[in-house]
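Notes follow the structure.
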Amino acid sequence: MGIFSKLFKESDNSSDVLVSPVDGKTINLSEVPDPTFSEGILGQGIAIIPSGDAVFSPCDGTIDLMFDTGHAVNIISDKGAEILIHIGLETVSLKGKHFRTFMNTGDKVKKGDKLIEFERQAIADEGFNTVIPMVICNSDSYEDITPETGKTVACGDLILKLKKA
């Protein structure tokens, strides 16, 4: 490996970028009306007020856990980020109603692969907040986590930059 290849590879592994898993508007995680997310108990990240009805992979990686209820998925990116995408608040109580999964625990995914479809309006009609937190559960592995908040985004737009410690 040449010196430039080695430098590029090391540089490439020191940071990661994640794209929006859903169409919507990005907000600070601190604005999510649930202390588990807003107080950073699970880690740092970003949240999206969805305008779409499907969640796509924000990176290349592996499904660490696809929740049976379809309300959340945990992905380990190929660069080591542990990413939790949680559709709505308290939606686990729906027991899978209004959710359809397309991947299983252990599946390899590419950025943009469809993970979950959800009936956003039906979930809202049942009284649930549909905000989608995306949390880096191993935040302590990063020197800097920079969310791109206050933007209207399409699935695939850059929303989170991670710089390894």
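Ordering of the structure tokens sets the chain letters (A, B, ...); residue numbers start at 1 within each chain; ligands are numbered from 1 in the order shown.
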As a VMD selection string, please: the residues near segment 116-124 of chain A (cut-off 7 Å, only C-alpha atoms, same-chain neighbours under 6 positions excluded). chain A and resid 53 to 55 70 98 to 102 130
Output all heavy atoms of each residue in that selection to a file, as a CSV table (one decimal), in the first residue's frame.
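Okay, this is what ended up in result-v6.csv:
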```csv
chain,number,residue,atom,x,y,z
A,53,ASP,N,-43.1,7.8,4.4
A,53,ASP,CA,-43.7,6.6,5.1
A,53,ASP,C,-42.8,5.4,5.1
A,53,ASP,O,-43.3,4.3,5.2
A,53,ASP,CB,-45.0,6.3,4.5
A,53,ASP,CG,-46.1,7.4,4.8
A,53,ASP,OD1,-46.3,7.7,6.0
A,53,ASP,OD2,-46.7,7.9,3.9
A,54,ALA,N,-41.5,5.6,4.8
A,54,ALA,CA,-40.6,4.5,4.8
A,54,ALA,C,-39.2,4.9,5.3
A,54,ALA,O,-38.8,6.1,5.2
A,54,ALA,CB,-40.4,4.0,3.3
A,55,VAL,N,-38.5,4.0,6.0
A,55,VAL,CA,-37.2,4.2,6.5
A,55,VAL,C,-36.2,3.4,5.7
A,55,VAL,O,-36.4,2.2,5.4
A,55,VAL,CB,-37.1,3.8,8.0
A,55,VAL,CG1,-35.7,3.8,8.5
A,55,VAL,CG2,-37.9,4.8,8.8
A,70,GLY,N,-41.3,-3.8,14.5
A,70,GLY,CA,-41.0,-2.9,13.3
A,70,GLY,C,-40.9,-1.5,13.6
A,70,GLY,O,-40.7,-0.7,12.7
A,98,HIS,N,-49.2,-1.1,11.9
A,98,HIS,CA,-48.8,0.1,11.1
A,98,HIS,C,-47.4,0.0,10.7
A,98,HIS,O,-46.9,1.0,10.1
A,98,HIS,CB,-49.1,1.4,11.8
A,98,HIS,CG,-50.5,1.6,12.3
A,98,HIS,ND1,-51.6,1.4,11.5
A,98,HIS,CD2,-51.0,1.9,13.5
A,98,HIS,CE1,-52.7,1.6,12.2
A,98,HIS,NE2,-52.4,1.9,13.4
A,99,PHE,N,-46.7,-1.1,10.9
A,99,PHE,CA,-45.3,-1.3,10.5
A,99,PHE,C,-45.1,-2.5,9.7
A,99,PHE,O,-45.7,-3.5,9.9
A,99,PHE,CB,-44.4,-1.4,11.7
A,99,PHE,CG,-44.4,-0.2,12.6
A,99,PHE,CD1,-45.2,-0.1,13.7
A,99,PHE,CD2,-43.5,0.9,12.4
A,99,PHE,CE1,-45.2,1.0,14.5
A,99,PHE,CE2,-43.5,2.0,13.2
A,99,PHE,CZ,-44.4,2.1,14.2
A,100,ARG,N,-44.2,-2.4,8.7
A,100,ARG,CA,-43.8,-3.6,7.9
A,100,ARG,C,-42.3,-3.6,7.6
A,100,ARG,O,-41.8,-2.6,7.1
A,100,ARG,CB,-44.6,-3.5,6.5
A,100,ARG,CG,-44.2,-4.7,5.6
A,100,ARG,CD,-45.0,-4.6,4.3
A,100,ARG,NE,-44.6,-5.7,3.4
A,100,ARG,CZ,-44.5,-5.5,2.1
A,100,ARG,NH1,-44.8,-4.4,1.5
A,100,ARG,NH2,-44.0,-6.5,1.4
A,101,THR,N,-41.6,-4.6,8.0
A,101,THR,CA,-40.2,-4.7,7.9
A,101,THR,C,-39.8,-5.4,6.6
A,101,THR,O,-40.5,-6.2,6.1
A,101,THR,CB,-39.5,-5.4,9.1
A,101,THR,OG1,-40.0,-6.7,9.2
A,101,THR,CG2,-39.9,-4.7,10.4
A,102,PHE,N,-38.6,-5.0,6.1
A,102,PHE,CA,-38.1,-5.5,4.8
A,102,PHE,C,-36.7,-6.2,5.0
A,102,PHE,O,-36.2,-6.8,4.1
A,102,PHE,CB,-37.9,-4.4,3.8
A,102,PHE,CG,-39.3,-3.9,3.3
A,102,PHE,CD1,-39.9,-3.0,4.0
A,102,PHE,CD2,-39.9,-4.5,2.2
A,102,PHE,CE1,-41.2,-2.5,3.6
A,102,PHE,CE2,-41.1,-4.0,1.8
A,102,PHE,CZ,-41.8,-3.0,2.5
A,130,THR,N,-44.9,11.0,15.8
A,130,THR,CA,-44.2,10.3,14.7
A,130,THR,C,-42.7,10.7,14.5
A,130,THR,O,-42.1,10.2,13.6
A,130,THR,CB,-45.0,10.4,13.4
A,130,THR,OG1,-45.0,11.7,13.0
A,130,THR,CG2,-46.4,9.8,13.5
```
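Using only C-alpha atoms, the residues found no farther than 10 Å from Ile48 of chain A, other than those of its own chain fewer than 5 positions away, are Ser20, Pro21, Val22, Asp23, Gly24, Lys25, Thr26, Ile27, Asn28, Leu29, Val32, Ile87, Gly88, Thr130, Val131, Ile132, Pro133, Met134, Thr149, Gly150, Lys151, Thr152, Val153 and Ile159 of chain A.
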Atomic distance atom CA of Asn74 of chain A - atom CA of Met103 of chain A, expressed in Å with one decimal: 11.3 Å
Residue nearest Val19 of chain A among A:Val109, A:Leu160, A:Ile41, A:Ala47 (counting only C-alpha atoms): A:Leu160
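Take atom CA of Ala165 of chain A and atom CA of Glu148 of chain A: the distance between them is 19.8 Å.
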Taking into account only C-alpha atoms, which residue in the set A:Glu82, A:Glu90, A:Asp34, A:Asp125 is nearest to Pro58 of chain A? A:Glu82
Please report as a tab-separated table every residue of segment 86-124 of chain A lying within 12 Å of segment 76-81 of chain A, along with the nearest atom pair and their distance in Å (one decimal), using only C-alpha atoms.
```
residue	atom	partner	partner_atom	distance
A:Thr105	CA	A:Ile76	CA	11.0
A:Gly106	CA	A:Ile76	CA	10.0
A:Asp107	CA	A:Ile76	CA	10.7
A:Lys108	CA	A:Asp78	CA	9.6
A:Val109	CA	A:Ser77	CA	9.0
A:Lys110	CA	A:Ser77	CA	9.5
A:Lys111	CA	A:Ser77	CA	9.6
```
Among chain A, which ones does DSSP place in strand (DSSP E or B), written as a ChimeraX atom specification? /A:15-19,24-27,44-50,54-56,61-66,72-77,82-86,99-101,108-109,114-118,132-136,142-147,152-153,158-164
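The space between atom CA of Ser14 of chain A and atom CA of Asn104 of chain A spans 28.4 Å.
Considering only segment 6-144 of chain A, backbone DSSP assigns alpha helix (DSSP H) to Lys6, Leu7, Phe8, Lys9, Glu10, Ser11, Asp12, Asn13, Pro35, Thr36, Phe37, Ser38, Arg120, Gln121, Ala122, Ile123, Ala124 and Asp125 of chain A.
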For Thr91 of chain A, which residue among A:Cys59, A:Asn129, A:Leu42, A:Asp16 is the nearest when counting only C-alpha atoms? A:Asn129
